[in-house]
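To be precise, the following lines are entry-v8.txt, and they hold compact mmCIF, C-alpha atoms and all ligand atoms.
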```
# COMPACT_ATOMS: atom_id res chain seq x y z
CA MET Q 1 -21.01 21.56 -44.23
CA ILE Q 2 -21.96 18.65 -42.05
CA ARG Q 3 -19.20 16.29 -43.02
CA LYS Q 4 -16.32 18.50 -42.16
CA PRO Q 5 -16.96 18.87 -38.41
CA LEU Q 6 -17.78 15.18 -38.23
CA LEU Q 7 -14.45 14.32 -39.80
CA ILE Q 8 -12.63 16.56 -37.35
CA LEU Q 9 -14.56 14.97 -34.51
CA ALA Q 10 -13.59 11.51 -35.75
CA LEU Q 11 -9.95 12.53 -35.76
CA LEU Q 12 -10.27 14.01 -32.30
CA LEU Q 13 -12.12 11.07 -30.76
CA PRO Q 14 -9.07 8.97 -29.76
CA LEU Q 15 -7.52 12.05 -28.13
CA LEU Q 16 -10.75 12.88 -26.34
CA ALA Q 17 -11.06 9.31 -25.11
CA SER Q 18 -7.59 9.31 -23.53
CA ALA Q 19 -8.19 12.74 -21.97
CA GLN Q 20 -11.39 11.35 -20.44
CA ASP Q 21 -9.53 8.29 -19.08
CA LEU Q 22 -7.05 10.59 -17.41
CA SER Q 23 -9.61 12.98 -15.98
CA TYR Q 24 -11.58 10.08 -14.51
CA ALA Q 25 -8.39 8.60 -13.02
CA ARG Q 26 -7.54 11.99 -11.55
CA GLU Q 27 -11.02 12.26 -10.03
CA VAL Q 28 -10.72 8.79 -8.45
CA VAL Q 29 -7.27 9.51 -6.96
CA ASP Q 30 -8.38 12.95 -5.69
CA THR Q 31 -11.44 11.39 -4.06
CA LEU Q 32 -9.80 8.37 -2.42
CA ALA Q 33 -6.83 10.41 -1.15
CA SER Q 34 -8.99 13.25 0.17
CA LYS Q 35 -9.24 14.14 3.86
CA SER Q 36 -12.72 12.69 4.31
CA PHE Q 37 -11.38 9.19 3.52
CA SER Q 38 -9.00 9.44 6.53
CA GLY Q 39 -6.21 7.55 4.74
CA ARG Q 40 -8.49 4.51 4.14
CA GLY Q 41 -7.46 2.78 7.35
CA TYR Q 42 -9.15 2.00 10.64
CA VAL Q 43 -9.75 5.52 11.96
CA ASN Q 44 -13.12 7.15 11.18
CA SER Q 45 -14.05 3.94 9.26
CA GLY Q 46 -11.85 5.16 6.39
CA ASP Q 47 -11.82 1.67 4.88
CA LYS Q 48 -15.62 1.59 4.76
CA THR Q 49 -15.86 5.07 3.20
CA ALA Q 50 -13.50 3.91 0.45
CA ALA Q 51 -15.33 0.60 -0.09
CA ASP Q 52 -18.66 2.44 -0.32
CA TYR Q 53 -17.23 4.83 -2.92
CA ILE Q 54 -15.80 1.98 -5.04
CA SER Q 55 -19.08 0.08 -4.76
CA SER Q 56 -21.02 3.13 -5.97
CA GLU Q 57 -18.61 3.52 -8.91
CA PHE Q 58 -19.07 -0.19 -9.78
CA LYS Q 59 -22.81 0.42 -9.77
CA LYS Q 60 -22.56 3.55 -11.94
CA ILE Q 61 -20.34 1.68 -14.40
CA GLY Q 62 -22.86 -1.16 -14.42
CA LEU Q 63 -20.77 -4.11 -13.22
CA GLU Q 64 -22.51 -7.38 -12.33
CA SER Q 65 -22.17 -8.67 -8.76
CA PHE Q 66 -21.52 -12.23 -7.55
CA GLN Q 67 -23.73 -11.91 -4.51
CA ARG Q 68 -26.20 -9.31 -3.32
CA GLY Q 69 -24.05 -6.18 -3.53
CA TYR Q 70 -20.36 -6.03 -4.35
CA PHE Q 71 -18.96 -6.61 -0.84
CA GLN Q 72 -17.21 -9.69 0.45
CA LYS Q 73 -16.89 -9.14 4.20
CA PHE Q 74 -14.20 -10.41 6.54
CA SER Q 75 -12.67 -9.33 9.84
CA THR Q 76 -9.21 -8.88 11.30
CA PRO Q 77 -7.56 -7.66 14.48
CA VAL Q 78 -5.99 -4.22 14.01
CA ASN Q 79 -4.42 -1.49 16.13
CA SER Q 80 -5.27 2.18 15.45
CA PHE Q 81 -4.59 5.69 16.73
CA PRO Q 82 -7.79 7.71 16.42
CA GLY Q 83 -7.10 10.33 19.11
CA THR Q 84 -4.38 12.01 21.16
CA MET Q 85 -0.87 11.71 19.73
CA GLU Q 86 1.65 13.90 21.56
CA LEU Q 87 5.40 13.53 21.92
CA ALA Q 88 7.81 16.11 23.38
CA LEU Q 89 11.55 15.59 23.81
CA ASN Q 90 13.41 17.88 26.24
CA GLY Q 91 10.36 20.14 26.27
CA ILE Q 92 10.16 20.44 22.47
CA THR Q 93 6.89 19.22 20.97
CA LEU Q 94 7.35 17.15 17.81
CA LYS Q 95 4.95 16.94 14.87
CA ALA Q 96 3.30 13.56 14.29
CA GLY Q 97 4.05 12.07 10.86
CA THR Q 98 6.62 14.78 10.04
CA ASP Q 99 9.10 14.45 12.93
CA TYR Q 100 8.21 11.00 14.18
CA LEU Q 101 6.18 7.83 13.75
CA ILE Q 102 4.77 5.58 16.41
CA GLU Q 103 5.37 1.85 16.06
CA PRO Q 104 1.98 0.72 14.70
CA GLY Q 105 1.48 -1.97 17.37
CA SER Q 106 2.08 0.45 20.27
CA PRO Q 107 -0.35 0.61 23.21
CA ALA Q 108 -1.52 3.83 24.90
CA VAL Q 109 1.02 5.64 27.07
CA ASN Q 110 0.78 8.84 29.08
CA GLY Q 111 3.29 10.62 31.33
CA SER Q 112 6.67 12.32 31.75
CA PHE Q 113 9.65 10.00 31.82
CA SER Q 114 13.36 10.26 32.47
CA THR Q 115 15.57 8.40 30.01
CA VAL Q 116 18.35 5.85 29.67
CA THR Q 117 20.47 6.02 26.49
CA ILE Q 118 21.90 2.80 25.05
CA THR Q 119 24.80 3.27 22.65
CA THR Q 120 25.76 0.79 19.94
CA ALA Q 121 28.94 -0.08 21.90
CA GLU Q 122 26.73 -1.14 24.82
CA MET Q 123 24.57 -3.25 22.50
CA PHE Q 124 27.61 -5.38 21.61
CA ASP Q 125 28.44 -5.98 25.30
CA LEU Q 126 25.81 -8.26 26.83
CA GLN Q 127 26.70 -7.37 30.40
CA ALA Q 128 26.54 -3.64 29.76
CA LEU Q 129 23.28 -4.14 27.84
CA SER Q 130 21.53 -6.11 30.59
CA GLY Q 131 22.70 -3.56 33.19
CA LYS Q 132 21.29 -0.73 31.09
CA LEU Q 133 17.99 -2.55 30.56
CA ARG Q 134 17.59 -3.17 34.31
CA SER Q 135 18.27 0.49 35.06
CA ALA Q 136 15.62 1.50 32.50
CA ALA Q 137 12.63 0.08 34.42
CA GLY Q 138 9.82 2.63 34.26
CA LYS Q 139 11.92 5.01 32.10
CA PHE Q 140 12.19 5.60 28.35
CA ILE Q 141 15.10 4.04 26.48
CA VAL Q 142 16.74 6.24 23.83
CA ILE Q 143 18.73 4.83 20.90
CA PRO Q 144 20.87 7.44 19.08
CA THR Q 145 21.38 7.36 15.30
CA TYR Q 146 24.10 5.06 14.02
CA ASP Q 147 25.84 4.76 10.68
CA LYS Q 148 25.02 1.33 9.26
CA GLY Q 149 28.04 1.50 6.97
CA SER Q 150 30.51 1.38 9.85
CA TYR Q 151 29.19 -1.94 11.24
CA SER Q 152 29.55 -5.53 10.08
CA LYS Q 153 26.49 -7.53 9.07
CA GLU Q 154 26.49 -9.36 12.44
CA GLN Q 155 26.77 -6.08 14.32
CA GLN Q 156 23.85 -4.63 12.32
CA GLN Q 157 21.79 -7.72 13.20
CA GLN Q 158 22.71 -7.29 16.87
CA ILE Q 159 21.57 -3.63 16.77
CA GLN Q 160 18.33 -4.58 15.03
CA GLY Q 161 17.81 -7.36 17.59
CA VAL Q 162 18.00 -4.86 20.46
CA ILE Q 163 15.61 -2.47 18.67
CA ASN Q 164 13.17 -5.32 18.03
CA PHE Q 165 13.37 -6.31 21.70
CA LEU Q 166 12.49 -2.74 22.72
CA ARG Q 167 9.62 -2.56 20.25
CA TYR Q 168 8.04 -5.98 20.52
CA HIS Q 169 9.19 -7.98 23.55
CA PRO Q 170 6.84 -8.20 26.54
CA ASP Q 171 9.84 -8.47 28.93
CA ASN Q 172 11.16 -5.02 27.99
CA PRO Q 173 11.31 -3.37 31.46
CA ALA Q 174 11.24 0.21 30.08
CA ALA Q 175 8.08 2.31 29.83
CA GLY Q 176 8.79 2.84 26.13
CA SER Q 177 11.50 3.72 23.64
CA VAL Q 178 12.61 6.49 21.29
CA ILE Q 179 14.76 5.42 18.36
CA PHE Q 180 16.50 8.10 16.30
CA THR Q 181 17.08 7.66 12.59
CA ARG Q 182 18.38 9.68 9.68
CA ASN Q 183 16.35 7.57 7.27
CA LYS Q 184 13.08 8.65 5.69
CA LEU Q 185 10.13 7.86 7.96
CA THR Q 186 8.12 4.95 6.54
CA TRP Q 187 5.02 3.82 8.43
CA SER Q 188 3.13 0.51 8.39
CA ALA Q 189 0.14 -1.08 10.11
CA SER Q 190 -0.23 -3.78 12.77
CA THR Q 191 -2.66 -6.56 13.62
CA ARG Q 192 -0.89 -7.02 16.95
CA LEU Q 193 -0.74 -5.01 20.15
CA ASN Q 194 2.76 -4.68 21.63
CA ALA Q 195 3.52 -4.42 25.35
CA LYS Q 196 5.33 -1.07 25.15
CA ALA Q 197 5.10 2.05 23.01
CA SER Q 198 7.97 2.89 20.67
CA PHE Q 199 8.67 5.98 18.56
CA THR Q 200 10.97 6.48 15.59
CA VAL Q 201 12.20 10.08 15.47
CA HIS Q 202 13.78 11.59 12.36
CA THR Q 203 16.88 13.70 12.87
CA GLU Q 204 19.34 15.28 10.45
CA VAL Q 205 22.20 15.36 12.95
CA ASP Q 206 24.49 12.44 13.79
CA GLU Q 207 24.20 12.62 17.55
CA PRO Q 208 21.01 14.29 18.72
CA THR Q 209 21.27 16.34 21.91
CA ALA Q 210 21.15 14.19 25.03
CA MET Q 211 17.53 13.31 25.70
CA GLU Q 212 16.71 13.74 29.34
CA LYS Q 213 12.97 14.04 29.25
CA VAL Q 214 10.25 12.35 27.26
CA LYS Q 215 6.72 13.62 27.64
CA VAL Q 216 4.15 11.54 25.88
CA ASN Q 217 0.41 11.13 25.60
CA VAL Q 218 -0.90 8.59 23.11
CA LYS Q 219 -4.26 6.90 22.91
CA ASN Q 220 -4.77 3.80 20.83
CA LYS Q 221 -7.76 1.68 19.93
CA PHE Q 222 -7.23 -2.01 19.38
CA PHE Q 223 -9.95 -3.99 17.58
CA LYS Q 224 -10.03 -7.75 18.12
CA GLN Q 225 -12.37 -8.22 15.16
CA TYR Q 226 -12.53 -5.20 12.85
CA LYS Q 227 -15.10 -5.78 10.12
CA THR Q 228 -13.77 -4.78 6.71
CA GLN Q 229 -14.42 -5.89 3.13
CA ASN Q 230 -13.32 -6.64 -0.42
CA VAL Q 231 -15.29 -5.05 -3.25
CA MET Q 232 -15.82 -7.12 -6.38
CA GLY Q 233 -17.82 -7.11 -9.59
CA TYR Q 234 -17.50 -8.32 -13.18
CA VAL Q 235 -18.31 -7.83 -16.84
CA GLU Q 236 -19.54 -10.97 -18.56
CA GLY Q 237 -17.63 -11.96 -21.70
CA THR Q 238 -18.66 -14.02 -24.70
CA ASN Q 239 -16.47 -16.85 -23.39
CA THR Q 240 -17.40 -17.71 -19.82
CA ASP Q 241 -15.23 -20.82 -19.37
CA SER Q 242 -12.26 -18.93 -18.07
CA LEU Q 243 -11.85 -15.52 -16.52
CA ILE Q 244 -9.50 -12.57 -16.49
CA VAL Q 245 -9.08 -11.11 -13.00
CA LEU Q 246 -7.89 -7.53 -12.37
CA THR Q 247 -7.04 -6.52 -8.80
CA ALA Q 248 -5.92 -3.51 -6.74
CA HIS Q 249 -6.02 -2.84 -3.00
CA TYR Q 250 -7.92 0.20 -1.81
CA ASP Q 251 -6.87 0.28 1.86
CA HIS Q 252 -3.96 2.30 3.21
CA LEU Q 253 -2.48 3.18 6.61
CA GLY Q 254 -5.16 5.54 7.89
CA MET Q 255 -4.24 8.13 10.50
CA MET Q 256 -1.68 8.51 13.26
CA GLY Q 257 -3.60 10.58 15.79
CA SER Q 258 -6.16 13.15 14.78
CA ASP Q 259 -3.80 15.27 12.59
CA ALA Q 260 -1.45 13.02 10.61
CA ILE Q 261 -3.18 11.49 7.58
CA PHE Q 262 -1.51 8.97 5.28
CA PRO Q 263 -3.48 9.63 2.06
CA GLY Q 264 -1.98 6.81 -0.05
CA ALA Q 265 -2.45 8.51 -3.42
CA ASN Q 266 0.12 6.41 -5.25
CA ASP Q 267 -0.36 3.46 -2.85
CA ASN Q 268 -2.96 2.64 -3.93
CA ALA Q 269 -5.64 5.14 -4.94
CA SER Q 270 -3.79 5.11 -8.28
CA GLY Q 271 -4.27 1.34 -8.66
CA ILE Q 272 -8.00 1.69 -7.97
CA ALA Q 273 -8.08 4.44 -10.62
CA MET Q 274 -6.61 1.92 -13.08
CA LEU Q 275 -9.06 -0.78 -11.98
CA LEU Q 276 -12.09 1.51 -12.36
CA SER Q 277 -10.86 2.91 -15.69
CA LEU Q 278 -10.52 -0.64 -17.01
CA ALA Q 279 -13.96 -1.57 -15.64
CA LYS Q 280 -15.44 1.39 -17.53
CA HIS Q 281 -13.62 0.41 -20.70
CA PHE Q 282 -14.65 -3.26 -20.64
CA GLN Q 283 -18.23 -2.42 -19.75
CA ALA Q 284 -18.38 -0.27 -22.92
CA ASN Q 285 -16.32 -2.71 -25.04
CA LYS Q 286 -17.44 -6.21 -24.04
CA PRO Q 287 -14.40 -8.46 -23.48
CA GLU Q 288 -13.93 -11.95 -24.89
CA TYR Q 289 -13.46 -13.49 -21.43
CA THR Q 290 -15.52 -12.62 -18.39
CA THR Q 291 -13.45 -9.99 -16.60
CA VAL Q 292 -13.54 -9.69 -12.81
CA PHE Q 293 -12.61 -6.53 -10.90
CA MET Q 294 -11.44 -7.03 -7.31
CA ALA Q 295 -10.68 -4.15 -4.93
CA PHE Q 296 -9.04 -5.68 -1.86
CA GLY Q 297 -9.11 -4.45 1.72
CA ALA Q 298 -6.42 -4.91 4.40
CA GLU Q 299 -3.49 -5.37 2.00
CA GLU Q 300 -1.32 -3.23 4.27
CA LEU Q 301 -2.08 -5.60 7.18
CA GLY Q 302 -0.47 -8.48 5.28
CA LEU Q 303 -2.45 -9.13 2.06
CA LEU Q 304 -5.44 -10.08 4.22
CA GLY Q 305 -8.23 -9.26 1.75
CA ALA Q 306 -6.60 -11.34 -1.00
CA LYS Q 307 -5.91 -14.11 1.53
CA HIS Q 308 -9.55 -14.12 2.58
CA TYR Q 309 -10.60 -14.26 -1.07
CA VAL Q 310 -8.44 -17.26 -2.05
CA GLU Q 311 -9.71 -19.08 1.04
CA ASN Q 312 -13.31 -18.18 0.11
CA PRO Q 313 -13.36 -17.92 -3.70
CA LEU Q 314 -16.57 -17.01 -5.54
CA PHE Q 315 -15.60 -19.21 -8.54
CA PRO Q 316 -12.92 -21.92 -8.89
CA LEU Q 317 -9.42 -20.43 -8.81
CA GLU Q 318 -8.44 -22.86 -11.62
CA SER Q 319 -10.77 -21.00 -13.98
CA ILE Q 320 -8.61 -17.85 -13.82
CA LYS Q 321 -6.84 -17.56 -17.16
CA PHE Q 322 -4.68 -14.67 -15.99
CA LEU Q 323 -4.60 -12.13 -13.15
CA ILE Q 324 -3.06 -8.65 -13.16
CA ASN Q 325 -2.54 -6.78 -9.89
CA PHE Q 326 -2.12 -2.97 -9.89
CA ASP Q 327 -0.40 -1.47 -6.87
CA ILE Q 328 1.38 1.90 -7.34
CA THR Q 329 0.32 3.20 -10.72
CA GLY Q 330 0.83 6.94 -10.34
CA THR Q 331 4.15 7.75 -12.03
CA GLY Q 332 5.88 5.78 -14.82
CA ASP Q 333 8.61 8.31 -15.70
CA GLU Q 334 10.97 5.31 -15.83
CA GLY Q 335 8.44 2.81 -17.14
CA ILE Q 336 6.93 -0.18 -15.36
CA GLN Q 337 8.16 -3.29 -13.58
CA VAL Q 338 6.52 -6.69 -13.97
CA VAL Q 339 6.69 -9.09 -11.00
CA ASN Q 340 6.45 -12.73 -12.20
CA GLY Q 341 7.60 -11.57 -15.67
CA LYS Q 342 10.30 -14.26 -15.56
CA LEU Q 343 7.70 -16.96 -14.84
CA TYR Q 344 5.40 -16.11 -17.76
CA ARG Q 345 8.04 -15.14 -20.28
CA ASP Q 346 5.79 -15.35 -23.38
CA LYS Q 347 3.28 -12.98 -21.80
CA PHE Q 348 6.03 -10.65 -20.67
CA ASP Q 349 7.57 -10.60 -24.17
CA ARG Q 350 4.19 -9.74 -25.66
CA LEU Q 351 3.86 -6.83 -23.23
CA VAL Q 352 7.29 -5.54 -24.29
CA LYS Q 353 6.36 -5.94 -27.96
CA LEU Q 354 3.07 -4.06 -27.57
CA ASN Q 355 4.90 -1.29 -25.75
CA GLU Q 356 7.45 -0.97 -28.55
CA GLU Q 357 4.87 -1.15 -31.34
CA GLN Q 358 2.73 1.56 -29.81
CA ASN Q 359 5.66 3.58 -28.49
CA LEU Q 360 4.16 4.02 -25.02
CA LEU Q 361 6.39 3.69 -21.91
CA ALA Q 362 10.11 4.30 -21.39
CA GLN Q 363 10.67 0.64 -20.48
CA VAL Q 364 8.98 -2.58 -19.38
CA LYS Q 365 11.28 -4.20 -16.80
CA ILE Q 366 11.25 -7.85 -15.87
CA ARG Q 367 11.30 -9.22 -12.33
CA GLY Q 368 10.94 -12.67 -10.77
CA GLU Q 369 8.65 -13.71 -7.93
CA ALA Q 370 8.01 -11.29 -5.05
CA CYS Q 371 5.41 -11.66 -2.32
CA ASN Q 372 4.95 -7.90 -2.08
CA SER Q 373 1.29 -7.37 -2.99
CA ASP Q 374 -2.06 -9.15 -3.37
CA HIS Q 375 -1.13 -11.18 -6.49
CA CYS Q 376 1.07 -13.30 -4.17
CA MET Q 377 -1.91 -15.01 -2.51
CA PHE Q 378 -3.14 -16.13 -5.95
CA HIS Q 379 0.33 -17.01 -7.20
CA GLN Q 380 0.72 -19.34 -4.19
CA GLN Q 381 -2.47 -21.10 -5.35
CA LYS Q 382 -0.93 -21.55 -8.83
CA VAL Q 383 -3.01 -18.83 -10.47
CA PRO Q 384 -0.94 -17.28 -13.30
CA ALA Q 385 -0.46 -13.64 -12.32
CA PHE Q 386 1.51 -10.46 -12.97
CA TYR Q 387 1.95 -7.65 -10.51
CA ILE Q 388 2.81 -4.43 -12.35
CA TYR Q 389 3.95 -1.13 -10.77
CA THR Q 390 5.22 2.15 -12.17
CA LEU Q 391 8.83 3.29 -11.79
CA GLY Q 392 10.41 6.71 -11.27
CA GLY Q 393 8.96 10.06 -10.29
CA ILE Q 394 7.89 11.02 -6.79
CA GLN Q 395 9.33 8.74 -4.09
CA ALA Q 396 6.73 9.36 -1.35
CA TYR Q 397 5.77 5.98 0.12
CA HIS Q 398 3.95 5.01 3.31
CA ASP Q 399 4.28 8.59 4.56
CA ILE Q 400 2.19 11.75 4.85
CA HIS Q 401 3.65 13.01 1.53
CA ASP Q 402 1.94 10.41 -0.68
CA ARG Q 403 -0.71 12.98 -1.63
CA SER Q 404 -2.89 13.46 -4.67
CA GLU Q 405 -1.72 17.07 -5.11
CA THR Q 406 1.84 15.92 -5.83
CA LEU Q 407 1.09 12.68 -7.68
CA PRO Q 408 1.65 13.40 -11.39
CA LEU Q 409 -0.07 10.36 -13.05
CA THR Q 410 2.68 11.04 -15.60
CA GLU Q 411 2.25 7.98 -17.81
CA PHE Q 412 -1.20 6.86 -16.71
CA GLY Q 413 -2.76 7.31 -20.16
CA ASP Q 414 -0.05 5.32 -21.97
CA TYR Q 415 0.05 2.69 -19.25
CA PHE Q 416 -3.74 2.30 -19.53
CA LYS Q 417 -3.45 1.86 -23.33
CA LEU Q 418 -0.76 -0.79 -22.90
CA VAL Q 419 -2.73 -2.77 -20.33
CA LYS Q 420 -5.89 -2.62 -22.50
CA ALA Q 421 -4.00 -4.00 -25.49
CA PHE Q 422 -2.36 -6.68 -23.34
CA ILE Q 423 -5.67 -7.86 -21.88
CA ASP Q 424 -7.31 -7.92 -25.32
CA GLY Q 425 -4.70 -10.47 -26.47
CA LEU Q 426 -4.83 -12.76 -23.43
ZN ZN Q 501 0.18 -0.89 -1.85
```

Once more with this new file: its structure as structure tokens, please.
Amino acid sequence: MIRKPLLILALLLPLLASAQDLSYAREVVDTLASKSFSGRGYVNSGDKTAADYISSEFKKIGLESFQRGYFQKFSTPVNSFPGTMELALNGITLKAGTDYLIEPGSPAVNGSFSTVTITTAEMFDLQALSGKLRSAAGKFIVIPTYDKGSYSKEQQQQIQGVINFLRYHPDNPAAGSVIFTRNKLTWSASTRLNAKASFTVHTEVDEPTAMEKVKVNVKNKFFKQYKTQNVMGYVEGTNTDSLIVLTAHYDHLGMMGSDAIFPGANDNASGIAMLLSLAKHFQANKPEYTTVFMAFGAEELGLLGAKHYVENPLFPLESIKFLINFDITGTGDEGIQVVNGKLYRDKFDRLVKLNEEQNLLAQVKIRGEACNSDHCMFHQQKVPAFYIYTLGGIQAYHDIHDRSETLPLTEFGDYFKLVKAFIDGL
């Protein structure tokens, strides 16, 4: 009578465990990508809200800390858009984040402006270009869409050069610029403040209607020294000579005005979900090597949290046996990709073997070096490191659509199992 339910429970336990992993991961992603975290940037102290949440999870899990508390503080210049964000073209008001993005380094701008349009033909003719620029003083410059495919590489560089001049050069005589594109809108973040405001406007048509009037009101807030932080803790292993380090950035792009939030569910609430799930696991199942969990800030500003860490390490970098960075962990329909796989071929091959033995992910793809996430700062200091990200599924990235509601966490459970097994054999 007693044995039977126990037996069933024993059979169910592995299933229950993986369901729990997934429900915790889901809770973490839902929380970090929720409205009250303001996109984990530099509006409403979104970064601090996220760091506080991760710190409280570390505490609940029971991680040790290197110093008093889990924070490692640092500061950085950063531009932000906490307030008014209005753009109207020819009297039609556009929707921030959906119809347009502001160049992240843009200053405040307010007023109604007439426009000067510069065509690609004029960009290739220096005399025409300089004439147009002179005539644009105090006005907005408009760049229509262009089809990259119909221009040579040099011509494309020339076009990009003009756009960069309009966006970043202090000698741009115009009051600002509007650049049309048919591409998906992809935002970023800036530690610099540009001289002039610039907008990228999405359009489905080849030649948007002639723009005669730009009405704009944007407020920015530039911080010379924004105080932000890394969050780090560890589980002590039986072998304390060398360490395993697991990393993920928690920051994202924040907000563009008071309405457009960039929730960053896949980038990188999902990576923090992996980091916290692994912290829980290794706290309950003590690892052989001391295992450190690092949640970095300011990755989107140029890997700044990781950079600060390698410049101010809490233990010698040479003692890191291996580092795994998780950034974009929310899909996996087409498997995973391993940056630095080609550099640590034996480790990569073992990952592939584990995946095949346990029949987990569709594929484990190899890649060489790429300085595209926090692992790079460690790699440059000769720390052996992988950066792994999931492939396939939803393509939302650095936009308002990277939301928890539409992030499937398709292969999260299997990916988690694979990583666990990989770390156990390091
Ligand atoms: Zn990221």

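For the atom pair formed by atom CA of Q:Ile102 and atom CA of Q:Ser190, the distance is 11.2 Å, given to one decimal.
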
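Across Q:Lys221, Q:Lys365, Q:Arg26, Q:Lys286, the tightest approach to Q:Gly332 is made by Q:Lys365 when counting all atoms listed in the file.
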
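Minimum distance to Q:Thr98 across Q:Leu185, Q:Ile141, Q:Leu246, Q:Leu129 (counting all atoms listed in the file) occurs at Q:Leu185.
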
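When all atoms listed in the file are used to measure the gap to ligand ZN 501 (chain Q), the shortest distance among Q:Ala265, Q:Ala25, Q:Val292, Q:Leu407 belongs to Q:Ala265.
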
Enumerate residues in contact with ligand ZN 501 (chain Q): an atom-to-atom distance of at most 9 Å, counting all atoms listed in the file. Format the result as a PyMOL selection string. chain Q and resi 248-252+264+266-269+271+299-300+326-328+372-374+398

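Atom pair atom CA of Q:Arg403 / atom CA of Q:Ala260 has a distance of 12.3 Å (rounded to one decimal).
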
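With atom CA of Q:Tyr397 on one side and atom CA of Q:Gln381 on the other, the separation reads 28.8 Å.
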
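Candidate residues Q:Met211, Q:Val109, Q:Ile261, Q:Ile244 were compared for distance to Q:Asp399, and the nearest is Q:Ile261, using all atoms listed in the file.
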
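Nearest-residue note for Q:Glu64: choosing from Q:Asn110, Q:Asn230, Q:Gln283, Q:Gln127, the minimum distance belongs to Q:Gln283, counting only C-alpha atoms.
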
Polymer residues at most 12 Å from stretch 123-125 of chain Q, all atoms listed in the file, same-chain spacing of 5 or more positions, as a PyMOL selection string: chain Q and resi 117-118+130-133+143-144+146+151-152+154-163+165

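For Q:Leu89, the residues within 8 Å (counting all atoms listed in the file, excluding itself and residues fewer than 5 positions away along the chain) are Leu94, Met211, Glu212, Lys213, Val214 and Lys215 of chain Q.
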
Leaving out Q:Phe71 and any residue of its chain fewer than 5 positions from it, which residues lie within 8 Å of it when counting only C-alpha atoms, given as a VMD selection string? chain Q and resid 55 229 to 232

List the residues sitting within 8 Å of (1.3, 4.7, -23.2) in the file's frame, using all atoms listed in the file, as an MDAnalysis selection string. chainID Q and resid 355 358:361 411:418

Min atom-atom distance to Q:Gln72 from the set Q:Phe199, Q:Ile366, Q:His308, Q:Ile54, counting only C-alpha atoms, belongs to Q:His308

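Near Q:Val216, within 12 Å and counting all atoms listed in the file, sit Q:Thr84, Q:Met85, Q:Glu86, Q:Leu87, Q:Ala88, Q:Leu89, Q:Asn90, Q:Gly91, Q:Ile92, Q:Thr93, Q:Leu94, Q:Ala96, Q:Ile102, Q:Ala108, Q:Val109, Q:Asn110, Q:Gly111, Q:Ser112, Q:Phe113, Q:Ser114, Q:Lys139, Q:Phe140, Q:Ala175, Q:Gly176, Q:Ser177, Q:Val178, Q:Ala197, Q:Ser198, Q:Phe199; same-chain residues fewer than 5 positions away were not included.
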
If you count all atoms listed in the file, which residues fall within 10 Å of Q:Ile423, apart from same-chain ones fewer than 5 positions away, as a ChimeraX atom specification? /Q:244,246,278,287-289,291,322-324,351,418

Let me have the centre and edge lengths of the axis-aligned box enclosing all listed atoms of stretch 297-310 of chain Q with 3 Å padding on every side, in Å to one decimal, as AutoDock Vina command-line options.
```
--center_x -5.5 --center_y -10.2 --center_z 2.6 --size_x 16.1 --size_y 20.0 --size_z 15.2
```
